[in-house]
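Pasted below: target26.cif, mmCIF, C-alpha atoms.
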data_model
loop_
_atom_site.group_PDB
_atom_site.id
_atom_site.type_symbol
_atom_site.label_atom_id
_atom_site.label_comp_id
_atom_site.auth_asym_id
_atom_site.auth_seq_id
_atom_site.Cartn_x
_atom_site.Cartn_y
_atom_site.Cartn_z
ATOM 1 C CA MET A 1 104.063 124.386 157.404
ATOM 2 C CA ALA A 2 104.727 126.307 154.226
ATOM 3 C CA ILE A 3 101.408 125.762 152.435
ATOM 4 C CA LYS A 4 97.775 125.104 153.283
ATOM 5 C CA VAL A 5 95.609 123.586 150.548
ATOM 6 C CA TRP A 6 91.884 122.961 151.014
ATOM 7 C CA GLY A 7 90.462 119.589 150.008
ATOM 8 C CA ILE A 8 87.855 116.957 150.789
ATOM 9 C CA ASP A 9 87.644 113.214 151.293
ATOM 10 C CA VAL A 10 84.644 111.291 150.017
ATOM 11 C CA SER A 11 82.989 107.891 149.912
ATOM 12 C CA LYS A 12 79.685 106.459 148.721
ATOM 13 C CA TYR A 13 77.911 108.465 151.412
ATOM 14 C CA ASN A 14 78.703 111.678 149.539
ATOM 15 C CA ALA A 15 77.222 110.597 146.202
ATOM 16 C CA PRO A 16 76.300 111.940 143.779
ATOM 17 C CA ILE A 17 79.034 114.494 143.193
ATOM 18 C CA ASP A 18 79.148 117.211 140.546
ATOM 19 C CA TRP A 19 82.901 117.591 140.355
ATOM 20 C CA GLN A 20 82.835 120.791 138.331
ATOM 21 C CA LYS A 21 80.742 122.496 141.019
ATOM 22 C CA VAL A 22 83.079 121.159 143.693
ATOM 23 C CA LYS A 23 86.075 122.544 141.835
ATOM 24 C CA ASN A 24 84.344 125.869 141.240
ATOM 25 C CA ALA A 25 83.732 126.105 144.997
ATOM 26 C CA GLY A 26 87.503 126.220 145.510
ATOM 27 C CA VAL A 27 88.220 122.617 146.493
ATOM 28 C CA LYS A 28 91.766 121.824 145.369
ATOM 29 C CA PHE A 29 91.960 118.055 145.893
ATOM 30 C CA ALA A 30 89.911 115.002 146.868
ATOM 31 C CA ILE A 31 90.860 111.822 148.700
ATOM 32 C CA LEU A 32 88.646 108.985 147.453
ATOM 33 C CA ARG A 33 87.735 105.923 149.469
ATOM 34 C CA VAL A 34 89.071 102.868 147.669
ATOM 35 C CA GLY A 35 87.167 100.471 149.853
ATOM 36 C CA PHE A 36 86.785 98.941 153.278
ATOM 37 C CA ALA A 37 87.070 95.772 155.310
ATOM 38 C CA SER A 38 83.868 94.167 156.552
ATOM 39 C CA THR A 39 82.777 94.825 160.133
ATOM 40 C CA SER A 40 81.759 91.184 160.541
ATOM 41 C CA ASN A 41 84.817 89.577 158.941
ATOM 42 C CA ARG A 42 88.008 91.556 158.341
ATOM 43 C CA ASN A 43 89.024 89.094 155.636
ATOM 44 C CA ASN A 44 86.144 90.304 153.468
ATOM 45 C CA LEU A 45 87.272 93.383 151.559
ATOM 46 C CA TYR A 46 85.047 95.536 149.386
ATOM 47 C CA LEU A 47 85.508 98.247 146.786
ATOM 48 C CA ASP A 48 83.628 101.468 147.492
ATOM 49 C CA PRO A 49 80.816 101.367 144.907
ATOM 50 C CA TYR A 50 81.547 104.955 143.847
ATOM 51 C CA PHE A 51 85.350 104.747 143.723
ATOM 52 C CA GLU A 52 85.589 104.316 139.965
ATOM 53 C CA THR A 53 82.867 106.900 139.294
ATOM 54 C CA PHE A 54 84.471 109.453 141.591
ATOM 55 C CA TYR A 55 87.910 108.848 140.121
ATOM 56 C CA LYS A 56 86.727 109.375 136.548
ATOM 57 C CA GLY A 57 84.632 112.396 137.506
ATOM 58 C CA ALA A 58 87.406 114.117 139.419
ATOM 59 C CA LYS A 59 89.980 113.446 136.724
ATOM 60 C CA ALA A 60 87.618 114.770 134.053
ATOM 61 C CA VAL A 61 87.680 118.242 135.624
ATOM 62 C CA GLY A 62 91.370 118.175 136.541
ATOM 63 C CA MET A 63 90.841 117.603 140.247
ATOM 64 C CA PRO A 64 93.964 116.091 141.904
ATOM 65 C CA VAL A 65 93.115 112.961 143.875
ATOM 66 C CA GLY A 66 94.464 110.597 146.478
ATOM 67 C CA ALA A 67 92.914 107.477 147.960
ATOM 68 C CA TYR A 68 92.223 105.871 151.321
ATOM 69 C CA PHE A 69 91.188 102.443 152.552
ATOM 70 C CA TYR A 70 89.206 101.860 155.741
ATOM 71 C CA SER A 71 91.398 99.245 157.377
ATOM 72 C CA ARG A 72 90.677 96.513 159.879
ATOM 73 C CA CYS A 73 93.966 94.665 159.591
ATOM 74 C CA ASN A 74 95.403 93.473 162.904
ATOM 75 C CA SER A 75 98.038 90.964 161.785
ATOM 76 C CA VAL A 76 100.700 90.553 159.147
ATOM 77 C CA SER A 77 98.466 88.242 157.106
ATOM 78 C CA THR A 78 95.432 90.543 157.113
ATOM 79 C CA ALA A 79 97.695 93.526 156.403
ATOM 80 C CA LYS A 80 99.147 91.846 153.318
ATOM 81 C CA LYS A 81 95.680 90.915 152.144
ATOM 82 C CA GLU A 82 94.515 94.520 152.446
ATOM 83 C CA ALA A 83 97.616 95.789 150.643
ATOM 84 C CA GLU A 84 97.027 93.352 147.787
ATOM 85 C CA PHE A 85 93.405 94.476 147.525
ATOM 86 C CA ILE A 86 94.367 98.156 147.491
ATOM 87 C CA LEU A 87 97.076 97.664 144.873
ATOM 88 C CA ASN A 88 94.677 95.795 142.595
ATOM 89 C CA ALA A 89 92.076 98.535 142.988
ATOM 90 C CA ILE A 90 94.417 101.423 142.183
ATOM 91 C CA LYS A 91 96.418 99.703 139.442
ATOM 92 C CA GLY A 92 96.568 101.720 136.237
ATOM 93 C CA LYS A 93 95.460 104.944 137.901
ATOM 94 C CA GLN A 94 97.369 108.098 138.828
ATOM 95 C CA PHE A 95 97.139 109.799 142.209
ATOM 96 C CA GLU A 96 98.568 113.232 142.947
ATOM 97 C CA TYR A 97 98.040 112.692 146.675
ATOM 98 C CA PRO A 98 99.118 109.752 148.864
ATOM 99 C CA ILE A 99 97.476 106.397 149.372
ATOM 100 C CA TRP A 100 96.316 106.485 152.984
ATOM 101 C CA LEU A 101 95.543 103.647 155.377
ATOM 102 C CA ASP A 102 92.596 104.677 157.537
ATOM 103 C CA VAL A 103 93.223 103.250 161.018
ATOM 104 C CA GLU A 104 90.388 104.061 163.396
ATOM 105 C CA ASP A 105 88.154 101.014 163.882
ATOM 106 C CA GLN A 106 87.902 100.615 167.646
ATOM 107 C CA LYS A 107 87.032 96.922 167.611
ATOM 108 C CA THR A 108 90.154 96.226 165.584
ATOM 109 C CA LEU A 109 92.361 98.497 167.679
ATOM 110 C CA GLN A 110 91.334 96.689 170.835
ATOM 111 C CA SER A 111 91.661 93.190 169.382
ATOM 112 C CA VAL A 112 95.463 92.944 169.687
ATOM 113 C CA SER A 113 98.367 94.592 171.476
ATOM 114 C CA ARG A 114 99.755 97.969 170.449
ATOM 115 C CA ALA A 115 102.847 96.234 169.104
ATOM 116 C CA ALA A 116 100.870 93.760 166.996
ATOM 117 C CA MET A 117 98.566 96.481 165.719
ATOM 118 C CA THR A 118 101.481 98.694 164.765
ATOM 119 C CA LYS A 119 103.234 95.831 163.006
ATOM 120 C CA ALA A 120 100.109 95.178 160.954
ATOM 121 C CA VAL A 121 99.822 98.827 159.929
ATOM 122 C CA VAL A 122 103.504 99.083 159.021
ATOM 123 C CA THR A 123 103.301 95.854 157.021
ATOM 124 C CA CYS A 124 100.402 97.148 154.941
ATOM 125 C CA LEU A 125 102.114 100.499 154.332
ATOM 126 C CA GLU A 126 105.380 98.813 153.378
ATOM 127 C CA GLU A 127 103.659 96.544 150.878
ATOM 128 C CA ILE A 128 102.010 99.484 149.125
ATOM 129 C CA GLU A 129 105.116 101.655 149.311
ATOM 130 C CA SER A 130 107.312 98.958 147.799
ATOM 131 C CA ALA A 131 104.968 98.831 144.799
ATOM 132 C CA GLY A 132 105.803 102.463 143.992
ATOM 133 C CA TYR A 133 103.279 104.504 145.942
ATOM 134 C CA TYR A 134 103.544 107.393 148.369
ATOM 135 C CA VAL A 135 101.745 106.167 151.486
ATOM 136 C CA GLY A 136 100.610 107.519 154.840
ATOM 137 C CA ILE A 137 98.459 106.780 157.866
ATOM 138 C CA TYR A 138 95.133 108.456 158.664
ATOM 139 C CA SER A 139 94.172 108.333 162.321
ATOM 140 C CA GLY A 140 93.400 110.337 165.432
ATOM 141 C CA LYS A 141 95.691 111.879 167.987
ATOM 142 C CA TYR A 142 94.595 109.594 170.796
ATOM 143 C CA ILE A 143 94.641 106.431 168.699
ATOM 144 C CA LEU A 144 98.249 107.153 167.790
ATOM 145 C CA ARG A 145 98.977 107.702 171.467
ATOM 146 C CA ASP A 146 96.997 104.861 173.048
ATOM 147 C CA ASN A 147 96.537 102.122 170.445
ATOM 148 C CA LEU A 148 99.616 102.357 168.234
ATOM 149 C CA ILE A 149 103.335 102.900 168.712
ATOM 150 C CA ASP A 150 103.635 106.200 166.907
ATOM 151 C CA SER A 151 107.426 106.234 166.974
ATOM 152 C CA GLU A 152 107.354 103.220 164.654
ATOM 153 C CA LEU A 153 105.157 105.165 162.237
ATOM 154 C CA LYS A 154 107.176 108.371 162.189
ATOM 155 C CA ASN A 155 108.593 107.670 158.734
ATOM 156 C CA TYR A 156 105.113 107.731 157.206
ATOM 157 C CA ASP A 157 103.125 110.872 156.533
ATOM 158 C CA HIS A 158 100.379 111.506 159.065
ATOM 159 C CA TRP A 159 96.870 112.639 158.207
ATOM 160 C CA ILE A 160 95.321 113.619 161.511
ATOM 161 C CA ALA A 161 91.571 113.652 162.152
ATOM 162 C CA GLN A 162 90.589 116.256 164.730
ATOM 163 C CA TYR A 163 87.443 118.355 164.439
ATOM 164 C CA ALA A 164 88.585 121.504 166.158
ATOM 165 C CA SER A 165 89.716 125.052 165.502
ATOM 166 C CA ARG A 166 93.320 123.847 165.403
ATOM 167 C CA SER A 167 95.242 120.590 165.405
ATOM 168 C CA THR A 168 96.818 119.759 168.744
ATOM 169 C CA TYR A 169 98.776 116.750 167.513
ATOM 170 C CA THR A 170 102.419 117.739 167.895
ATOM 171 C CA THR A 171 104.384 114.476 168.067
ATOM 172 C CA TYR A 172 105.449 114.592 164.427
ATOM 173 C CA GLU A 173 104.910 116.967 161.542
ATOM 174 C CA ILE A 174 101.599 116.277 159.821
ATOM 175 C CA GLY A 175 100.989 116.148 156.109
ATOM 176 C CA MET A 176 97.229 116.668 156.268
ATOM 177 C CA TRP A 177 94.620 117.628 158.839
ATOM 178 C CA GLN A 178 90.963 116.639 158.645
ATOM 179 C CA PHE A 179 89.418 119.553 160.479
ATOM 180 C CA GLY A 180 85.706 119.215 159.860
ATOM 181 C CA GLY A 181 82.632 117.659 158.342
ATOM 182 C CA GLU A 182 79.203 117.807 159.958
ATOM 183 C CA VAL A 183 81.051 119.511 162.799
ATOM 184 C CA ASN A 184 83.156 122.325 161.417
ATOM 185 C CA TYR A 185 84.778 125.188 163.277
ATOM 186 C CA LEU A 186 86.672 126.698 160.366
ATOM 187 C CA THR A 187 84.613 126.770 157.170
ATOM 188 C CA GLU A 188 81.062 126.457 155.897
ATOM 189 C CA LYS A 189 80.191 122.769 156.148
ATOM 190 C CA LYS A 190 78.100 122.684 152.958
ATOM 191 C CA ILE A 191 79.971 122.328 149.677
ATOM 192 C CA PRO A 192 78.236 122.919 146.316
ATOM 193 C CA GLY A 193 78.159 119.801 144.157
ATOM 194 C CA ILE A 194 78.183 117.281 147.009
ATOM 195 C CA GLY A 195 75.079 115.100 147.001
ATOM 196 C CA SER A 196 74.804 115.083 150.783
ATOM 197 C CA ASN A 197 75.869 118.768 150.892
ATOM 198 C CA VAL A 198 78.528 117.858 153.464
ATOM 199 C CA ALA A 199 81.907 116.198 153.079
ATOM 200 C CA ASP A 200 84.893 115.808 155.359
ATOM 201 C CA GLN A 201 87.246 118.737 154.826
ATOM 202 C CA ASN A 202 91.016 118.875 155.070
ATOM 203 C CA TYR A 203 94.074 121.058 154.818
ATOM 204 C CA SER A 204 97.162 119.665 153.142
ATOM 205 C CA TYR A 205 100.476 121.091 154.289
ATOM 206 C CA LYS A 206 102.637 119.516 151.597
ATOM 207 C CA ASP A 207 102.775 120.069 147.860
ATOM 208 C CA TYR A 208 102.027 116.427 147.227
ATOM 209 C CA PRO A 209 101.396 116.713 143.466
ATOM 210 C CA THR A 210 104.852 118.178 142.887
ATOM 211 C CA ILE A 211 106.590 115.693 145.198
ATOM 212 C CA ILE A 212 104.837 112.648 143.760
ATOM 213 C CA LYS A 213 105.199 113.587 140.095
ATOM 214 C CA ARG A 214 108.824 114.649 140.496
ATOM 215 C CA VAL A 215 109.805 111.321 142.005
ATOM 216 C CA GLY A 216 107.622 109.213 139.735
ATOM 217 C CA LEU A 217 105.263 107.567 142.219
ATOM 218 C CA ASN A 218 101.541 106.775 142.239
ATOM 219 C CA GLY A 219 101.423 105.907 138.547
ATOM 220 C CA PHE A 220 103.420 108.910 137.326
ATOM 221 C CA LYS A 221 106.741 108.857 135.522
ATOM 222 C CA SER A 222 109.537 110.778 137.188
ATOM 223 C CA SER A 223 110.230 114.319 136.021
ATOM 224 C CA ASP A 224 113.469 114.500 137.975
ATOM 225 C CA LYS A 225 116.512 115.875 136.248
ATOM 226 C CA GLU A 226 118.448 112.894 135.032
ATOM 227 C CA ASN A 227 121.907 114.213 135.837
ATOM 228 C CA THR A 228 124.421 113.204 138.443
ATOM 229 C CA ASP A 229 126.199 114.813 141.329
ATOM 230 C CA THR A 230 128.195 117.770 139.967
ATOM 231 C CA ALA A 231 131.079 116.674 142.164
ATOM 232 C CA SER A 232 131.462 113.402 140.236
ATOM 233 C CA ASN A 233 134.580 112.383 138.338
ATOM 234 C CA ASP A 234 135.464 113.138 134.712
ATOM 235 C CA ASN A 235 132.473 111.184 133.433
ATOM 236 C CA PRO A 236 129.694 112.337 135.784
ATOM 237 C CA GLU A 237 127.098 109.933 134.425
ATOM 238 C CA VAL A 238 128.951 106.793 135.445
ATOM 239 C CA ASN A 239 129.750 105.334 138.832
ATOM 240 C CA THR A 240 133.374 104.223 138.343
ATOM 241 C CA THR A 241 134.290 102.871 141.779
ATOM 242 C CA THR A 242 135.156 99.333 142.789
ATOM 243 C CA SER A 243 133.153 96.247 141.913
ATOM 244 C CA ASN A 244 131.674 96.239 145.421
ATOM 245 C CA TYR A 245 129.361 99.062 144.353
ATOM 246 C CA ILE A 246 126.727 99.369 141.663
ATOM 247 C CA ASN A 247 128.393 100.845 138.580
ATOM 248 C CA VAL A 248 125.816 102.086 136.048
ATOM 249 C CA LYS A 249 124.560 105.259 134.469
ATOM 250 C CA VAL A 250 121.916 107.246 136.268
ATOM 251 C CA PRO A 251 119.010 107.270 136.596
ATOM 252 C CA PHE A 252 118.456 103.697 137.744
ATOM 253 C CA TYR A 253 116.489 101.770 140.334
ATOM 254 C CA ILE A 254 117.777 99.815 143.281
ATOM 255 C CA LYS A 255 116.123 97.323 145.604
ATOM 256 C CA THR A 256 117.176 96.847 149.207
ATOM 257 C CA LEU A 257 118.505 93.457 150.266
ATOM 258 C CA THR A 258 118.112 94.156 153.976
ATOM 259 C CA SER A 259 117.308 96.997 156.364
ATOM 260 C CA VAL A 260 119.446 100.000 155.418
ATOM 261 C CA ASN A 261 119.771 103.659 156.425
ATOM 262 C CA ILE A 262 119.172 106.685 154.226
ATOM 263 C CA ARG A 263 121.332 109.642 155.250
ATOM 264 C CA LYS A 264 121.132 113.402 154.886
ATOM 265 C CA SER A 265 124.412 113.512 152.960
ATOM 266 C CA PRO A 266 126.650 110.843 151.333
ATOM 267 C CA SER A 267 128.660 109.934 154.406
ATOM 268 C CA MET A 268 128.510 107.374 157.191
ATOM 269 C CA ASP A 269 128.837 110.287 159.588
ATOM 270 C CA ALA A 270 125.721 112.033 158.234
ATOM 271 C CA ALA A 271 122.431 112.046 160.108
ATOM 272 C CA ILE A 272 120.016 109.193 159.413
ATOM 273 C CA ILE A 273 116.771 110.588 158.010
ATOM 274 C CA TYR A 274 115.037 107.269 157.334
ATOM 275 C CA THR A 275 115.645 103.585 157.941
ATOM 276 C CA VAL A 276 114.385 101.351 155.136
ATOM 277 C CA PRO A 277 112.740 98.619 157.236
ATOM 278 C CA ARG A 278 113.341 95.521 155.151
ATOM 279 C CA ALA A 279 114.465 93.955 151.909
ATOM 280 C CA GLY A 280 112.533 94.529 148.711
ATOM 281 C CA ILE A 281 111.935 98.307 148.874
ATOM 282 C CA GLN A 282 112.709 100.069 145.594
ATOM 283 C CA TYR A 283 114.187 103.543 145.090
ATOM 284 C CA ARG A 284 115.015 105.572 142.022
ATOM 285 C CA ILE A 285 118.584 106.883 142.086
ATOM 286 C CA THR A 286 119.148 110.139 140.202
ATOM 287 C CA SER A 287 122.649 111.100 141.332
ATOM 288 C CA ILE A 288 125.786 109.448 142.646
ATOM 289 C CA SER A 289 128.319 110.856 145.050
ATOM 290 C CA SER A 290 131.807 111.842 143.955
ATOM 291 C CA ASP A 291 133.284 108.660 145.443
ATOM 292 C CA GLY A 292 130.643 106.517 143.746
ATOM 293 C CA LYS A 293 129.511 104.861 146.965
ATOM 294 C CA TRP A 294 126.215 106.658 147.511
ATOM 295 C CA GLY A 295 123.096 107.213 145.469
ATOM 296 C CA TYR A 296 120.603 110.040 145.894
ATOM 297 C CA ALA A 297 117.012 108.812 146.385
ATOM 298 C CA PRO A 298 114.719 111.819 145.797
ATOM 299 C CA TYR A 299 111.672 110.075 147.255
ATOM 300 C CA ARG A 300 113.318 110.237 150.696
ATOM 301 C CA ASP A 301 115.446 113.281 149.854
ATOM 302 C CA GLY A 302 118.535 111.478 151.080
ATOM 303 C CA TRP A 303 121.488 109.237 150.245
ATOM 304 C CA ILE A 304 121.577 105.457 150.300
ATOM 305 C CA THR A 305 124.567 103.134 149.964
ATOM 306 C CA LEU A 306 125.261 101.533 146.587
ATOM 307 C CA ASN A 307 127.150 98.671 148.199
ATOM 308 C CA LYS A 308 126.038 95.413 146.595
ATOM 309 C CA LYS A 309 125.884 93.770 150.001
ATOM 310 C CA TYR A 310 122.882 95.928 150.857
ATOM 311 C CA VAL A 311 121.209 96.884 147.551
ATOM 312 C CA GLN A 312 120.926 95.582 144.005
ATOM 313 C CA GLN A 313 120.021 97.162 140.711
ATOM 314 C CA VAL A 314 116.577 96.367 139.329
#

Will you turn the file into structure tokens for me?
Amino acid sequence: MAIKVWGIDVSKYNAPIDWQKVKNAGVKFAILRVGFASTSNRNNLYLDPYFETFYKGAKAVGMPVGAYFYSRCNSVSTAKKEAEFILNAIKGKQFEYPIWLDVEDQKTLQSVSRAAMTKAVVTCLEEIESAGYYVGIYSGKYILRDNLIDSELKNYDHWIAQYASRSTYTTYEIGMWQFGGEVNYLTEKKIPGIGSNVADQNYSYKDYPTIIKRVGLNGFKSSDKENTDTASNDNPEVNTTTSNYINVKVPFYIKTLTSVNIRKSPSMDAAIIYTVPRAGIQYRITSISSDGKWGYAPYRDGWITLNKKYVQQV
């Protein structure tokens, strides 16, 4: 873990917040609760009453933000409904940190099988990701072990909740760790500017603002260099291979037509670093390989086929 950035996550229970005081205290980012599903009926979804206020306040002082939704989805249909709600709530905004699905409600976790629960979570994440957002799952070590199939979530960033002196989750690399709140073994639990004096605290181990802005996700426009693979042919900006492959200038966007692998380098022999789970996922292509058959997708830091059987330009 190359970096460690201190931040908080907040909801209506932390209001009011003086964001300038929070920033002056050294807080580097805030994850804002978008909303939540009702405890009595998971089909009833609500916006956190302070989401808009917190977003405007944080942005006004230059505080980078992300968002999370307290989920109770346990099926494909409820997952899609939550994703639609989240996308409507965050539309038109910019987030330097991921959009997280908070999966911890015990009643929900115990309502269906691990497989069904995992499918619901993946469905919700896929829906948000396909709309152009960097997504991840927030949960606990034992929930990921006992209530979900973590291997099916490995392609999504993990934000682990564990109030301890260190994180003991080791299955996959974590992007963020929620280490304290009312119980805090690492820092002072009170934060100036927080109405309740206490907020959940986190360390981020990725430079999310740079990653997200560079790739052009979460409402930002890409700042990637718009040049192609230096090993390309005489005209490096054009893919000049056969008609079976997309042949356009970079940068451009593609959409998957089926499940497809993203590889570490532009070769069928290269290691698979991510499997795009279904049709309809979009990627920005900023380079093409010398043979014109592969496109570099910076969001996944890997290469995806440009074969028209598997992807199409959008």

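When atom CA of Val22 of chain A is paired with atom CA of Pro192 of chain A, their separation reads 5.8 Å.
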
Given the file above and the PyMOL selection byres ((chain A and resi 66) around 8), which residues are selected, and can you give them as JSON, numbers by chain? {"A": [29, 30, 31, 32, 64, 65, 67, 68, 95, 96, 97, 98, 99, 100]}

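Comparing A:Gly181, A:Gly62, A:Gly57, A:Pro298 by their smallest distance to Tyr283 of chain A, the closest is A:Pro298 (using all atoms listed in the file).
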
Just to confirm, what's the straight-line distance from atom CA of Tyr55 of chain A to atom CA of Gly92 of chain A in Å (one decimal)?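 According to the coordinates, atom CA of Tyr55 of chain A and atom CA of Gly92 of chain A are separated by 11.9 Å.
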
The PyMOL selection byres ((chain A and resi 72-81) around 9) applied to the shown file, residues as number ranges by chain: A: 36-39, 42-43, 45, 70-71, 82-86, 102-105, 107-109, 111-112, 116-125, 127

Atoms kept (C-alpha atoms) for selection, written as a short mmCIF file (atom, residue, chain, number, x, y, z; two decimals), in the coordinates of the input:
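Result saved to again-v3.cif:
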data_model
loop_
_atom_site.label_atom_id
_atom_site.label_comp_id
_atom_site.auth_asym_id
_atom_site.auth_seq_id
_atom_site.Cartn_x
_atom_site.Cartn_y
_atom_site.Cartn_z
CA PHE A 36 86.78 98.94 153.28
CA ALA A 37 87.07 95.77 155.31
CA SER A 38 83.87 94.17 156.55
CA THR A 39 82.78 94.82 160.13
CA ARG A 42 88.01 91.56 158.34
CA ASN A 43 89.02 89.09 155.64
CA LEU A 45 87.27 93.38 151.56
CA TYR A 70 89.21 101.86 155.74
CA SER A 71 91.40 99.24 157.38
CA GLU A 82 94.52 94.52 152.45
CA ALA A 83 97.62 95.79 150.64
CA GLU A 84 97.03 93.35 147.79
CA PHE A 85 93.40 94.48 147.52
CA ILE A 86 94.37 98.16 147.49
CA ASP A 102 92.60 104.68 157.54
CA VAL A 103 93.22 103.25 161.02
CA GLU A 104 90.39 104.06 163.40
CA ASP A 105 88.15 101.01 163.88
CA LYS A 107 87.03 96.92 167.61
CA THR A 108 90.15 96.23 165.58
CA LEU A 109 92.36 98.50 167.68
CA SER A 111 91.66 93.19 169.38
CA VAL A 112 95.46 92.94 169.69
CA ALA A 116 100.87 93.76 167.00
CA MET A 117 98.57 96.48 165.72
CA THR A 118 101.48 98.69 164.76
CA LYS A 119 103.23 95.83 163.01
CA ALA A 120 100.11 95.18 160.95
CA VAL A 121 99.82 98.83 159.93
CA VAL A 122 103.50 99.08 159.02
CA THR A 123 103.30 95.85 157.02
CA CYS A 124 100.40 97.15 154.94
CA LEU A 125 102.11 100.50 154.33
CA GLU A 127 103.66 96.54 150.88
#

Result set, the PyMOL selection byres ((chain A and resi 18) around 10) on current file, as a PyMOL selection string: chain A and resi 15-17+19-23+54+57-58+61+192-195

For a quick check of understanding, using only C-alpha atoms, which of A:Ile8, A:Gly140, A:Ile90, A:Asn218 has the smallest distance to Lys189 of chain A? A:Ile8

Give me the residues within 8 Å of Pro266 of chain A as a short mmCIF file (atom, residue, chain, number, x, y, z; two decimals) with C-alpha atoms, in the coordinates of the input, counting all atoms listed in the file and dropping any in the same chain fewer than 6 places off.
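Writing done, so here's out16.cif:
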data_model
loop_
_atom_site.label_atom_id
_atom_site.label_comp_id
_atom_site.auth_asym_id
_atom_site.auth_seq_id
_atom_site.Cartn_x
_atom_site.Cartn_y
_atom_site.Cartn_z
CA SER A 289 128.32 110.86 145.05
CA LYS A 293 129.51 104.86 146.96
CA TRP A 294 126.22 106.66 147.51
CA GLY A 295 123.10 107.21 145.47
CA TRP A 303 121.49 109.24 150.24
CA ILE A 304 121.58 105.46 150.30
#

Quote the spacing between atom CA of Met63 of chain A and atom CA of Ala131 of chain A in Å to one decimal place. 23.9 Å

Option closest in space to Glu152 of chain A, from A:Thr275, A:Ser259, A:Gln313, A:Ser11 [counting only C-alpha atoms]: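 Checking each candidate against Glu152 of chain A, we get A:Thr275 as the closest.
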
How would segment 135-147 of chain A look with N, CA, C and O atoms restored, written as a PDB file, keeping the file's coordinate frame?
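Result went into rebuild.pdb, see below:
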ATOM      1  N   VAL A 135     102.759 106.631 150.544  1.00  0.00           N
ATOM      2  CA  VAL A 135     101.745 106.167 151.486  1.00  0.00           C
ATOM      3  C   VAL A 135     101.764 106.981 152.782  1.00  0.00           C
ATOM      4  O   VAL A 135     102.735 107.674 153.094  1.00  0.00           O
ATOM      5  N   GLY A 136     100.689 106.864 153.547  1.00  0.00           N
ATOM      6  CA  GLY A 136     100.610 107.519 154.840  1.00  0.00           C
ATOM      7  C   GLY A 136      99.521 106.899 155.681  1.00  0.00           C
ATOM      8  O   GLY A 136      98.736 106.066 155.213  1.00  0.00           O
ATOM      9  N   ILE A 137      99.470 107.285 156.938  1.00  0.00           N
ATOM     10  CA  ILE A 137      98.459 106.780 157.866  1.00  0.00           C
ATOM     11  C   ILE A 137      97.485 107.892 158.230  1.00  0.00           C
ATOM     12  O   ILE A 137      97.889 109.022 158.524  1.00  0.00           O
ATOM     13  N   TYR A 138      96.197 107.564 158.181  1.00  0.00           N
ATOM     14  CA  TYR A 138      95.133 108.456 158.664  1.00  0.00           C
ATOM     15  C   TYR A 138      94.662 107.921 160.008  1.00  0.00           C
ATOM     16  O   TYR A 138      94.329 106.729 160.126  1.00  0.00           O
ATOM     17  N   SER A 139      94.650 108.770 161.017  1.00  0.00           N
ATOM     18  CA  SER A 139      94.172 108.333 162.321  1.00  0.00           C
ATOM     19  C   SER A 139      93.966 109.553 163.212  1.00  0.00           C
ATOM     20  O   SER A 139      94.133 110.692 162.776  1.00  0.00           O
ATOM     21  N   GLY A 140      93.622 109.277 164.465  1.00  0.00           N
ATOM     22  CA  GLY A 140      93.400 110.337 165.432  1.00  0.00           C
ATOM     23  C   GLY A 140      94.540 110.454 166.422  1.00  0.00           C
ATOM     24  O   GLY A 140      95.292 109.499 166.636  1.00  0.00           O
ATOM     25  N   LYS A 141      94.634 111.590 167.019  1.00  0.00           N
ATOM     26  CA  LYS A 141      95.691 111.879 167.987  1.00  0.00           C
ATOM     27  C   LYS A 141      95.748 110.846 169.106  1.00  0.00           C
ATOM     28  O   LYS A 141      96.830 110.339 169.448  1.00  0.00           O
ATOM     29  N   TYR A 142      94.604 110.490 169.642  1.00  0.00           N
ATOM     30  CA  TYR A 142      94.595 109.594 170.796  1.00  0.00           C
ATOM     31  C   TYR A 142      94.771 108.130 170.401  1.00  0.00           C
ATOM     32  O   TYR A 142      95.297 107.328 171.182  1.00  0.00           O
ATOM     33  N   ILE A 143      94.377 107.777 169.195  1.00  0.00           N
ATOM     34  CA  ILE A 143      94.641 106.431 168.699  1.00  0.00           C
ATOM     35  C   ILE A 143      96.139 106.233 168.539  1.00  0.00           C
ATOM     36  O   ILE A 143      96.699 105.207 168.935  1.00  0.00           O
ATOM     37  N   LEU A 144      96.797 107.234 167.965  1.00  0.00           N
ATOM     38  CA  LEU A 144      98.249 107.153 167.790  1.00  0.00           C
ATOM     39  C   LEU A 144      98.959 107.094 169.132  1.00  0.00           C
ATOM     40  O   LEU A 144     100.003 106.459 169.273  1.00  0.00           O
ATOM     41  N   ARG A 145      98.374 107.703 170.136  1.00  0.00           N
ATOM     42  CA  ARG A 145      98.977 107.702 171.467  1.00  0.00           C
ATOM     43  C   ARG A 145      98.677 106.423 172.244  1.00  0.00           C
ATOM     44  O   ARG A 145      99.572 105.867 172.913  1.00  0.00           O
ATOM     45  N   ASP A 146      97.444 105.936 172.164  1.00  0.00           N
ATOM     46  CA  ASP A 146      96.997 104.861 173.048  1.00  0.00           C
ATOM     47  C   ASP A 146      96.940 103.477 172.400  1.00  0.00           C
ATOM     48  O   ASP A 146      97.046 102.468 173.098  1.00  0.00           O
ATOM     49  N   ASN A 147      96.748 103.410 171.091  1.00  0.00           N
ATOM     50  CA  ASN A 147      96.537 102.122 170.445  1.00  0.00           C
ATOM     51  C   ASN A 147      97.643 101.700 169.484  1.00  0.00           C
ATOM     52  O   ASN A 147      97.660 100.567 169.021  1.00  0.00           O
TER      53      ASN A 147
END
